[in-house]
>>> print(open('final_38.tsv').read())   # TSV, C-alpha atoms and all ligand atoms
chain	number	residue	atom	x	y	z
A	1	MET	CA	31.06	-26.80	2.33
A	2	THR	CA	28.54	-29.13	3.95
A	3	PHE	CA	24.83	-28.57	4.11
A	4	ALA	CA	23.01	-31.87	4.20
A	5	HIS	CA	19.40	-30.79	4.61
A	6	ALA	CA	16.44	-31.49	2.34
A	7	HIS	CA	14.39	-28.55	3.62
A	8	LEU	CA	14.87	-25.29	5.52
A	9	LEU	CA	12.07	-25.51	8.08
A	10	GLY	CA	13.73	-23.76	10.98
A	11	ILE	CA	17.00	-22.85	12.67
A	12	GLU	CA	16.49	-25.57	15.28
A	13	PRO	CA	17.80	-28.50	13.14
A	14	LEU	CA	20.83	-26.55	11.82
A	15	ALA	CA	24.38	-27.00	13.09
A	16	PRO	CA	26.73	-24.00	13.36
A	17	GLY	CA	28.51	-25.28	10.22
A	18	ASP	CA	25.24	-25.21	8.25
A	19	ILE	CA	24.66	-21.61	9.28
A	20	THR	CA	28.18	-20.62	8.25
A	21	ALA	CA	27.79	-22.44	4.92
A	22	ILE	CA	24.66	-20.45	4.06
A	23	LEU	CA	26.19	-17.13	5.14
A	24	ASP	CA	29.44	-17.73	3.24
A	25	LEU	CA	27.60	-18.55	0.03
A	26	ALA	CA	25.31	-15.55	0.59
A	27	GLU	CA	28.40	-13.30	0.56
A	28	ASP	CA	28.98	-14.33	-3.07
A	29	TYR	CA	25.39	-13.44	-3.86
A	30	VAL	CA	25.74	-10.02	-2.22
A	31	THR	CA	28.50	-9.36	-4.76
A	32	LEU	CA	26.38	-10.66	-7.65
A	33	ASN	CA	23.41	-8.54	-6.56
A	34	ARG	CA	25.57	-5.43	-6.56
A	35	SER	CA	26.88	-6.02	-10.07
A	36	ALA	CA	25.36	-4.71	-13.29
A	37	VAL	CA	24.19	-8.10	-14.53
A	38	LYS	CA	22.53	-9.97	-11.68
A	39	HIS	CA	22.05	-13.41	-13.18
A	40	GLY	CA	23.24	-16.75	-11.92
A	41	ASP	CA	22.11	-20.18	-13.09
A	42	ALA	CA	22.03	-22.21	-9.86
A	43	LEU	CA	18.25	-22.72	-10.18
A	44	LYS	CA	18.05	-22.87	-13.96
A	45	GLY	CA	15.26	-25.13	-15.17
A	46	LEU	CA	13.74	-25.45	-11.69
A	47	THR	CA	10.25	-24.37	-10.67
A	48	GLN	CA	9.77	-22.35	-7.49
A	49	ILE	CA	6.29	-21.87	-6.07
A	50	ASN	CA	5.67	-19.23	-3.39
A	51	MET	CA	2.61	-19.95	-1.28
A	52	PHE	CA	1.80	-17.22	1.20
A	53	PHE	CA	-1.22	-18.02	3.34
A	54	GLU	CA	-0.54	-14.80	5.26
A	55	ALA	CA	0.10	-11.27	4.02
A	56	SER	CA	3.69	-10.42	3.20
A	57	THR	CA	5.41	-7.80	1.14
A	58	ARG	CA	9.12	-7.91	1.71
A	59	THR	CA	9.58	-11.62	2.35
A	60	GLN	CA	7.60	-12.66	-0.70
A	61	ALA	CA	9.27	-10.07	-2.95
A	62	SER	CA	12.67	-11.13	-1.62
A	63	PHE	CA	12.08	-14.84	-2.36
A	64	GLU	CA	10.69	-14.00	-5.79
A	65	LEU	CA	13.69	-11.87	-6.73
A	66	ALA	CA	16.09	-14.47	-5.31
A	67	GLY	CA	14.58	-17.23	-7.45
A	68	LYS	CA	14.46	-15.12	-10.60
A	69	ARG	CA	18.06	-13.98	-10.24
A	70	LEU	CA	19.14	-17.60	-10.10
A	71	GLY	CA	17.14	-18.60	-13.16
A	72	ALA	CA	14.16	-20.44	-11.65
A	73	ASP	CA	10.63	-20.22	-13.02
A	74	VAL	CA	8.87	-18.51	-10.13
A	75	MET	CA	5.16	-18.59	-9.52
A	76	ASN	CA	3.28	-16.82	-6.73
A	77	MET	CA	0.08	-18.47	-5.61
A	78	ALA	CA	-2.31	-16.00	-4.00
A	79	MET	CA	-3.45	-18.31	-1.24
A	80	GLN	CA	-5.77	-15.98	0.61
A	81	ALA	CA	-8.00	-15.84	-2.45
A	82	SER	CA	-7.77	-19.51	-3.30
A	83	SER	CA	-8.69	-22.97	-2.08
A	84	LEU	CA	-7.94	-22.42	1.60
A	85	LYS	CA	-11.02	-20.25	1.71
A	86	LYS	CA	-12.97	-23.09	0.19
A	87	GLY	CA	-11.87	-25.42	3.00
A	88	GLU	CA	-9.26	-27.42	1.13
A	89	THR	CA	-6.97	-29.17	3.60
A	90	LEU	CA	-3.23	-28.69	3.61
A	91	ILE	CA	-2.89	-32.31	2.46
A	92	ASP	CA	-5.05	-31.68	-0.60
A	93	THR	CA	-2.96	-28.62	-1.34
A	94	ALA	CA	0.16	-30.77	-1.13
A	95	LEU	CA	-1.24	-33.37	-3.53
A	96	THR	CA	-2.20	-30.66	-6.00
A	97	LEU	CA	1.29	-29.23	-5.78
A	98	ASN	CA	2.96	-32.60	-6.31
A	99	ALA	CA	1.08	-32.94	-9.57
A	100	MET	CA	2.66	-29.68	-10.75
A	101	HIS	CA	6.21	-30.96	-10.07
A	102	PRO	CA	7.68	-27.97	-8.25
A	103	ASP	CA	11.30	-28.14	-7.10
A	104	LEU	CA	11.25	-25.44	-4.44
A	105	LEU	CA	8.27	-24.52	-2.34
A	106	VAL	CA	8.34	-21.37	-0.21
A	107	VAL	CA	5.55	-21.35	2.37
A	108	ARG	CA	4.23	-18.86	4.90
A	109	HIS	CA	1.33	-20.02	7.07
A	110	PRO	CA	-0.46	-18.58	10.12
A	111	GLN	CA	-0.27	-21.91	11.99
A	112	SER	CA	2.90	-23.07	13.76
A	113	GLY	CA	3.93	-26.45	12.35
A	114	ALA	CA	1.91	-26.20	9.12
A	115	VAL	CA	5.02	-25.85	6.95
A	116	ASP	CA	6.64	-28.94	8.52
A	117	LEU	CA	3.47	-30.91	7.81
A	118	LEU	CA	3.44	-29.81	4.20
A	119	ALA	CA	7.11	-30.74	3.81
A	120	GLN	CA	6.27	-34.32	4.75
A	121	LYS	CA	3.75	-34.58	1.92
A	122	VAL	CA	5.48	-32.95	-1.03
A	123	ARG	CA	8.33	-34.22	-3.20
A	124	CYS	CA	10.42	-31.05	-3.32
A	125	ALA	CA	12.53	-28.81	-1.11
A	126	VAL	CA	10.45	-26.69	1.27
A	127	LEU	CA	11.51	-23.36	2.78
A	128	ASN	CA	9.65	-21.95	5.75
A	129	ALA	CA	8.91	-18.25	5.18
A	130	GLY	CA	7.30	-17.96	8.62
A	131	ASP	CA	4.86	-20.29	10.39
A	132	GLY	CA	2.73	-18.79	13.16
A	133	ARG	CA	4.84	-17.96	16.19
A	134	HIS	CA	7.21	-20.84	15.48
A	135	GLU	CA	10.10	-20.02	13.12
A	136	HIS	CA	11.21	-17.69	10.34
A	137	PRO	CA	14.63	-19.13	9.50
A	138	THR	CA	15.59	-16.94	6.54
A	139	GLN	CA	14.92	-13.85	8.65
A	140	ALA	CA	17.32	-15.05	11.35
A	141	LEU	CA	19.91	-15.92	8.68
A	142	LEU	CA	19.68	-12.50	7.03
A	143	ASP	CA	19.93	-10.88	10.45
A	144	ALA	CA	23.02	-12.99	11.15
A	145	LEU	CA	24.66	-11.96	7.87
A	146	THR	CA	23.87	-8.30	8.60
A	147	ILE	CA	25.42	-8.59	12.07
A	148	ARG	CA	28.47	-10.49	10.80
A	149	ARG	CA	29.17	-7.82	8.18
A	150	ALA	CA	28.62	-4.89	10.55
A	151	LYS	CA	30.54	-6.31	13.51
A	152	GLY	CA	33.11	-8.46	11.69
A	153	ARG	CA	32.07	-11.59	13.60
A	154	LEU	CA	29.05	-13.60	14.70
A	155	HIS	CA	30.17	-14.84	18.11
A	156	ARG	CA	30.69	-13.38	21.57
A	157	LEU	CA	28.42	-10.44	20.86
A	158	SER	CA	25.85	-9.10	23.27
A	159	ILE	CA	22.52	-8.82	21.48
A	160	ALA	CA	19.27	-7.38	22.83
A	161	ILE	CA	15.98	-8.49	21.26
A	162	CYS	CA	13.29	-6.05	22.35
A	163	GLY	CA	9.52	-5.93	22.38
A	164	ASP	CA	6.85	-8.43	21.50
A	165	ILE	CA	8.85	-11.62	22.00
A	166	ALA	CA	5.82	-13.79	22.76
A	167	HIS	CA	4.22	-13.46	19.33
A	168	SER	CA	7.41	-13.36	17.31
A	169	ARG	CA	8.76	-16.16	15.11
A	170	VAL	CA	11.58	-13.73	14.24
A	171	ALA	CA	12.62	-13.63	17.90
A	172	ARG	CA	12.41	-17.39	18.25
A	173	SER	CA	14.59	-18.12	15.20
A	174	ASN	CA	17.07	-15.43	16.21
A	175	ILE	CA	17.35	-16.73	19.78
A	176	LEU	CA	18.14	-20.20	18.42
A	177	LEU	CA	20.66	-18.98	15.83
A	178	LEU	CA	22.49	-16.50	18.03
A	179	GLY	CA	22.68	-19.07	20.82
A	180	LYS	CA	24.14	-21.73	18.50
A	181	MET	CA	26.82	-19.23	17.41
A	182	GLU	CA	27.72	-18.52	21.06
A	183	ASN	CA	26.44	-15.01	21.57
A	184	ARG	CA	24.85	-13.55	24.69
A	185	VAL	CA	21.18	-12.88	24.07
A	186	ARG	CA	19.08	-10.58	26.23
A	187	LEU	CA	15.33	-10.35	25.82
A	188	ILE	CA	13.69	-7.07	26.80
A	189	GLY	CA	9.96	-6.49	27.03
A	190	PRO	CA	6.94	-6.34	29.31
A	191	PRO	CA	6.25	-9.64	31.16
A	192	THR	CA	2.94	-9.92	29.25
A	193	LEU	CA	4.91	-10.19	26.00
A	194	MET	CA	7.43	-12.79	27.24
A	195	PRO	CA	6.65	-16.39	26.33
A	196	ALA	CA	6.29	-18.90	29.16
A	197	GLY	CA	9.36	-21.07	29.81
A	198	ILE	CA	11.71	-18.60	28.13
A	199	ALA	CA	14.45	-19.23	30.71
A	200	GLU	CA	15.13	-22.64	29.10
A	201	PHE	CA	16.51	-20.89	26.02
A	202	GLY	CA	19.64	-19.74	27.88
A	203	VAL	CA	18.84	-16.03	27.61
A	204	GLU	CA	18.71	-13.19	30.12
A	205	VAL	CA	15.31	-11.54	30.53
A	206	PHE	CA	14.72	-7.87	31.38
A	207	ASP	CA	11.52	-5.89	31.77
A	208	ASP	CA	13.44	-2.63	32.16
A	209	MET	CA	14.77	-1.42	28.82
A	210	ARG	CA	17.49	0.75	30.34
A	211	ALA	CA	18.93	-2.14	32.33
A	212	GLY	CA	18.70	-4.50	29.35
A	213	LEU	CA	20.42	-2.24	26.82
A	214	GLU	CA	23.47	-1.58	29.00
A	215	GLY	CA	26.58	-2.29	26.89
A	216	VAL	CA	24.97	-4.31	24.06
A	217	ASP	CA	26.49	-4.53	20.56
A	218	VAL	CA	23.20	-5.03	18.73
A	219	VAL	CA	19.70	-3.71	19.42
A	220	MET	CA	17.08	-5.74	17.55
A	221	MET	CA	13.61	-4.23	17.72
A	222	LEU	CA	10.42	-6.18	17.00
A	223	ARG	CA	7.04	-5.09	15.70
A	224	LEU	CA	4.12	-5.18	18.10
A	225	GLN	CA	2.17	-8.04	16.48
A	226	LYS	CA	-1.27	-6.63	17.04
A	227	GLU	CA	-2.87	-9.17	14.72
A	228	ARG	CA	-1.81	-11.93	17.13
A	229	MET	CA	-3.12	-10.16	20.24
A	230	ASP	CA	-6.63	-10.40	21.52
A	231	GLY	CA	-6.38	-7.33	23.75
A	232	GLY	CA	-4.86	-6.61	27.14
A	233	PHE	CA	-1.17	-7.12	26.40
A	234	ILE	CA	-0.12	-3.47	26.66
A	235	PRO	CA	-1.75	-0.53	28.48
A	236	SER	CA	-1.56	1.81	25.44
A	237	GLU	CA	0.75	2.41	22.50
A	238	ARG	CA	1.84	5.70	24.05
A	239	GLU	CA	2.81	4.05	27.31
A	240	TYR	CA	4.50	1.24	25.41
A	241	TYR	CA	6.61	3.71	23.41
A	242	HIS	CA	7.56	5.50	26.60
A	243	ARG	CA	8.81	2.31	28.26
A	244	TYR	CA	9.96	0.12	25.35
A	245	GLY	CA	10.18	2.30	22.24
A	246	LEU	CA	13.75	2.80	21.00
A	247	ASP	CA	14.63	6.49	21.07
A	248	ALA	CA	17.98	8.33	21.16
A	249	GLU	CA	18.06	8.43	24.93
A	250	LYS	CA	17.60	4.69	25.37
A	251	LEU	CA	19.98	3.87	22.50
A	252	ALA	CA	22.69	5.90	24.27
A	253	ILE	CA	22.78	3.16	26.95
A	254	ALA	CA	23.97	0.57	24.42
A	255	LYS	CA	27.59	0.55	23.21
A	256	PRO	CA	28.48	3.71	21.24
A	257	ASP	CA	28.84	1.64	18.06
A	258	ALA	CA	25.77	-0.54	18.63
A	259	ILE	CA	23.71	-1.20	15.51
A	260	VAL	CA	19.91	-0.98	15.31
A	261	MET	CA	17.87	-3.65	13.53
A	262	HIS	CA	14.19	-4.22	12.72
A	263	PRO	CA	12.70	-6.99	10.52
A	264	GLY	CA	9.94	-4.74	9.20
A	265	PRO	CA	7.24	-3.73	8.81
A	266	MET	CA	7.89	-0.99	11.39
A	267	ASN	CA	5.39	0.85	13.54
A	268	ARG	CA	7.21	4.18	13.75
A	269	GLY	CA	6.51	5.92	17.02
A	270	VAL	CA	5.32	2.67	18.64
A	271	GLU	CA	8.39	0.44	18.97
A	272	ILE	CA	10.97	2.70	17.29
A	273	ASP	CA	11.54	6.41	16.73
A	274	GLY	CA	11.47	7.16	13.00
A	275	GLU	CA	14.67	9.20	13.16
A	276	ILE	CA	16.63	6.32	14.64
A	277	ALA	CA	15.27	3.93	12.05
A	278	ASP	CA	16.50	6.28	9.31
A	279	ASP	CA	19.88	7.13	10.88
A	280	ILE	CA	22.38	5.57	8.48
A	281	ASN	CA	25.10	5.73	11.12
A	282	ARG	CA	23.22	3.40	13.48
A	283	SER	CA	20.42	1.66	11.62
A	284	VAL	CA	21.15	-1.36	9.40
A	285	ILE	CA	17.48	-1.89	8.49
A	286	GLN	CA	18.09	-1.39	4.76
A	287	ASP	CA	21.10	-3.73	4.90
A	288	GLN	CA	18.79	-6.37	6.35
A	289	VAL	CA	16.58	-6.11	3.27
A	290	GLU	CA	19.60	-6.39	0.96
A	291	MET	CA	21.01	-9.38	2.87
A	292	GLY	CA	17.58	-11.01	2.69
A	293	VAL	CA	17.76	-11.52	-1.05
A	294	ALA	CA	21.32	-12.89	-0.87
A	295	VAL	CA	20.55	-15.29	1.98
A	296	ARG	CA	17.48	-16.64	0.17
A	297	MET	CA	19.53	-17.17	-2.98
A	298	ALA	CA	22.11	-19.09	-0.95
A	299	ALA	CA	19.52	-21.21	0.88
A	300	MET	CA	17.70	-22.15	-2.33
A	301	ASP	CA	20.98	-22.87	-4.11
A	302	LEU	CA	22.12	-25.28	-1.36
A	303	LEU	CA	18.74	-27.01	-1.19
A	304	ALA	CA	18.64	-27.37	-4.99
A	305	ARG	CA	22.07	-29.04	-4.99
A	306	ASN	CA	20.82	-31.57	-2.45
A	307	LEU	CA	17.58	-32.09	-4.36
A	308	ARG	CA	19.47	-32.84	-7.58
A	309	ALA	CA	21.79	-35.23	-5.75
A	310	ARG	CA	18.82	-37.06	-4.18
A	311	ARG	CA	16.99	-37.34	-7.47
A	312	ALA	CA	20.09	-38.59	-9.26
A	313	ALA	CA	20.71	-41.32	-6.64
B	1	LIG	C1	8.22	-10.56	10.19
B	1	LIG	C2	7.23	-11.70	10.08
B	1	LIG	O1	6.39	-11.72	9.17
B	1	LIG	O2	7.33	-12.57	10.90
B	1	LIG	N1	8.33	-9.76	9.06
B	1	LIG	C3	9.08	-10.14	8.01
B	1	LIG	O3	9.21	-11.30	7.68
B	1	LIG	N2	9.73	-9.16	7.36
B	1	LIG	C4	8.03	-9.76	11.38
B	1	LIG	C5	6.73	-9.05	11.56
B	1	LIG	O4	5.76	-9.30	10.86
B	1	LIG	O5	6.70	-8.22	12.47
>>> encode(input="final_38.tsv", output="structure tokens")
Amino acid sequence: MTFAHAHLLGIEPLAPGDITAILDLAEDYVTLNRSAVKHGDALKGLTQINMFFEASTRTQASFELAGKRLGADVMNMAMQASSLKKGETLIDTALTLNAMHPDLLVVRHPQSGAVDLLAQKVRCAVLNAGDGRHEHPTQALLDALTIRRAKGRLHRLSIAICGDIAHSRVARSNILLLGKMENRVRLIGPPTLMPAGIAEFGVEVFDDMRAGLEGVDVVMMLRLQKERMDGGFIPSEREYYHRYGLDAEKLAIAKPDAIVMHPGPMNRGVEIDGEIADDINRSVIQDQVEMGVAVRMAAMDLLARNLRARRAA
């Protein structure tokens, strides 16, 4: 197994072999997480600090559980309430952190690139838990593991990513990962929610959901990121649901065994019909949550091995 990275900042710098290494190790952690005693010792003695400068429930809980199951001392810093409000720069935050000697730093930040900047200033392994519209690598990895388990492979699949692509770091990381693993990616959404220059990513773009869903293996829905919109992107939520919301009729256009995914949190009745989201024969949304813990355990385990090797050298 080879994974030679010091940080997990995005999917962009990863090779297909790195992705496979994380997913293969995560399979072991799926088994551990399903057993009665869920303890490993890969992070024993290490300190993990979670710094979320943006609200999060599942991602933060998932990283916290992942660290605790592997024996790390985990601390959550409530960043909204702390120094950022007082105008402390990211660099000052980094210096403060260095003085506390963390080993793993999990960071979510509203600005694209902020996590990379922090990684340059701290002496520990940094994991990006979502930076602005840029990347959310562990989300793409957990999506990949979910797809691989449901479909038996992670190549030559036809995958539709639907909705608010422009504001989505989940979409960006998934486009990169699925492309590297040689899948066909289709993006479906209104032109106002497609990022400029998207054609360079080697994807097919559709503004008609029915045309885009034709024959796909995977339907990945995205949340309308209203907090990143300053008005005018969609006519109304009702109209949006009519054209781009996933309901039974639109899902019938995909392959009969197509799976439905959503990173959460969901806006039921806006981008997805609640019944489809809850349909255990089609929806793998709960599997995504389960795979999230395992993938984060695997990513932190691999980074900790490299950190120990670097410090020993
Ligand atoms: C995503 C995020 O924060 O980027 N959620 C998540 O990590 N579970 C997607 C979203 O907020 O819509």
>>> residues_near_ligand(input="final_38.tsv", ligand="ligand LIG 1 (chain B)", cutoff="8 Å", atoms="all atoms listed in the file", output="list of chain:residue names")
A:Ser56, A:Thr57, A:Arg58, A:Thr59, A:Ala129, A:Gly130, A:Arg133, A:His136, A:Gln139, A:Ser168, A:Arg169, A:Val170, A:Leu222, A:Arg223, A:Leu224, A:Gln225, A:Pro263, A:Gly264, A:Pro265, A:Met266
>>> residues_around(input="final_38.tsv", residues="Thr96 in chain A", least_positions_apart="6", cutoff="12 Å", atoms="all atoms listed in the file", output="list of chain:residue names")
A:Ser83, A:Glu88, A:Thr89, A:Leu90, A:Pro102, A:Leu118, A:Lys121, A:Val122, A:Arg123
>>> atom_distance(input="final_38.tsv", atom1="CA of Arg186 in chain A", atom2="CA of Ala294 in chain A")
27.3 Å
>>> residues_around(input="final_38.tsv", residues="Gly71 in chain A", least_positions_apart="2", cutoff="9 Å", atoms="all atoms listed in the file", output="PyMOL selection string")
chain A and resi 39-46+66-69+73-74
>>> write_last_selection(input="final_38.tsv", atoms="C-alpha atoms", output="PDB file, in the frame of the given file")
ATOM      1  CA  HIS A  39      22.050 -13.410 -13.180  1.00  0.00           C
ATOM      2  CA  GLY A  40      23.240 -16.750 -11.920  1.00  0.00           C
ATOM      3  CA  ASP A  41      22.110 -20.180 -13.090  1.00  0.00           C
ATOM      4  CA  ALA A  42      22.030 -22.210  -9.860  1.00  0.00           C
ATOM      5  CA  LEU A  43      18.250 -22.720 -10.180  1.00  0.00           C
ATOM      6  CA  LYS A  44      18.050 -22.870 -13.960  1.00  0.00           C
ATOM      7  CA  GLY A  45      15.260 -25.130 -15.170  1.00  0.00           C
ATOM      8  CA  LEU A  46      13.740 -25.450 -11.690  1.00  0.00           C
ATOM      9  CA  ALA A  66      16.090 -14.470  -5.310  1.00  0.00           C
ATOM     10  CA  GLY A  67      14.580 -17.230  -7.450  1.00  0.00           C
ATOM     11  CA  LYS A  68      14.460 -15.120 -10.600  1.00  0.00           C
ATOM     12  CA  ARG A  69      18.060 -13.980 -10.240  1.00  0.00           C
ATOM     13  CA  ASP A  73      10.630 -20.220 -13.020  1.00  0.00           C
ATOM     14  CA  VAL A  74       8.870 -18.510 -10.130  1.00  0.00           C
TER      15      VAL A  74
END
>>> residues_near_point(input="final_38.tsv", point="(3.2, -30.9, -6.9)", cutoff="12 Å", atoms="all atoms listed in the file", output="PyMOL selection string")
chain A and resi 47-49+91-105+118-119+121-126
>>> atom_distance(input="final_38.tsv", atom1="CA of His242 in chain A", atom2="CA of Gly163 in chain A")
12.3 Å
>>> closest_residue(input="final_38.tsv", among="A:Val115, A:Met261, A:Ala171, A:Val203", to="Val289 in chain A", atoms="only C-alpha atoms")
A:Met261
>>> atom_distance(input="final_38.tsv", atom1="CA of Asp287 in chain A", atom2="CA of Thr146 in chain A")
6.5 Å
>>> closest_residue(input="final_38.tsv", among="A:Met221, A:Met51, A:Ala72, A:Ala26", to="Val270 in chain A", atoms="only C-alpha atoms")
A:Met221
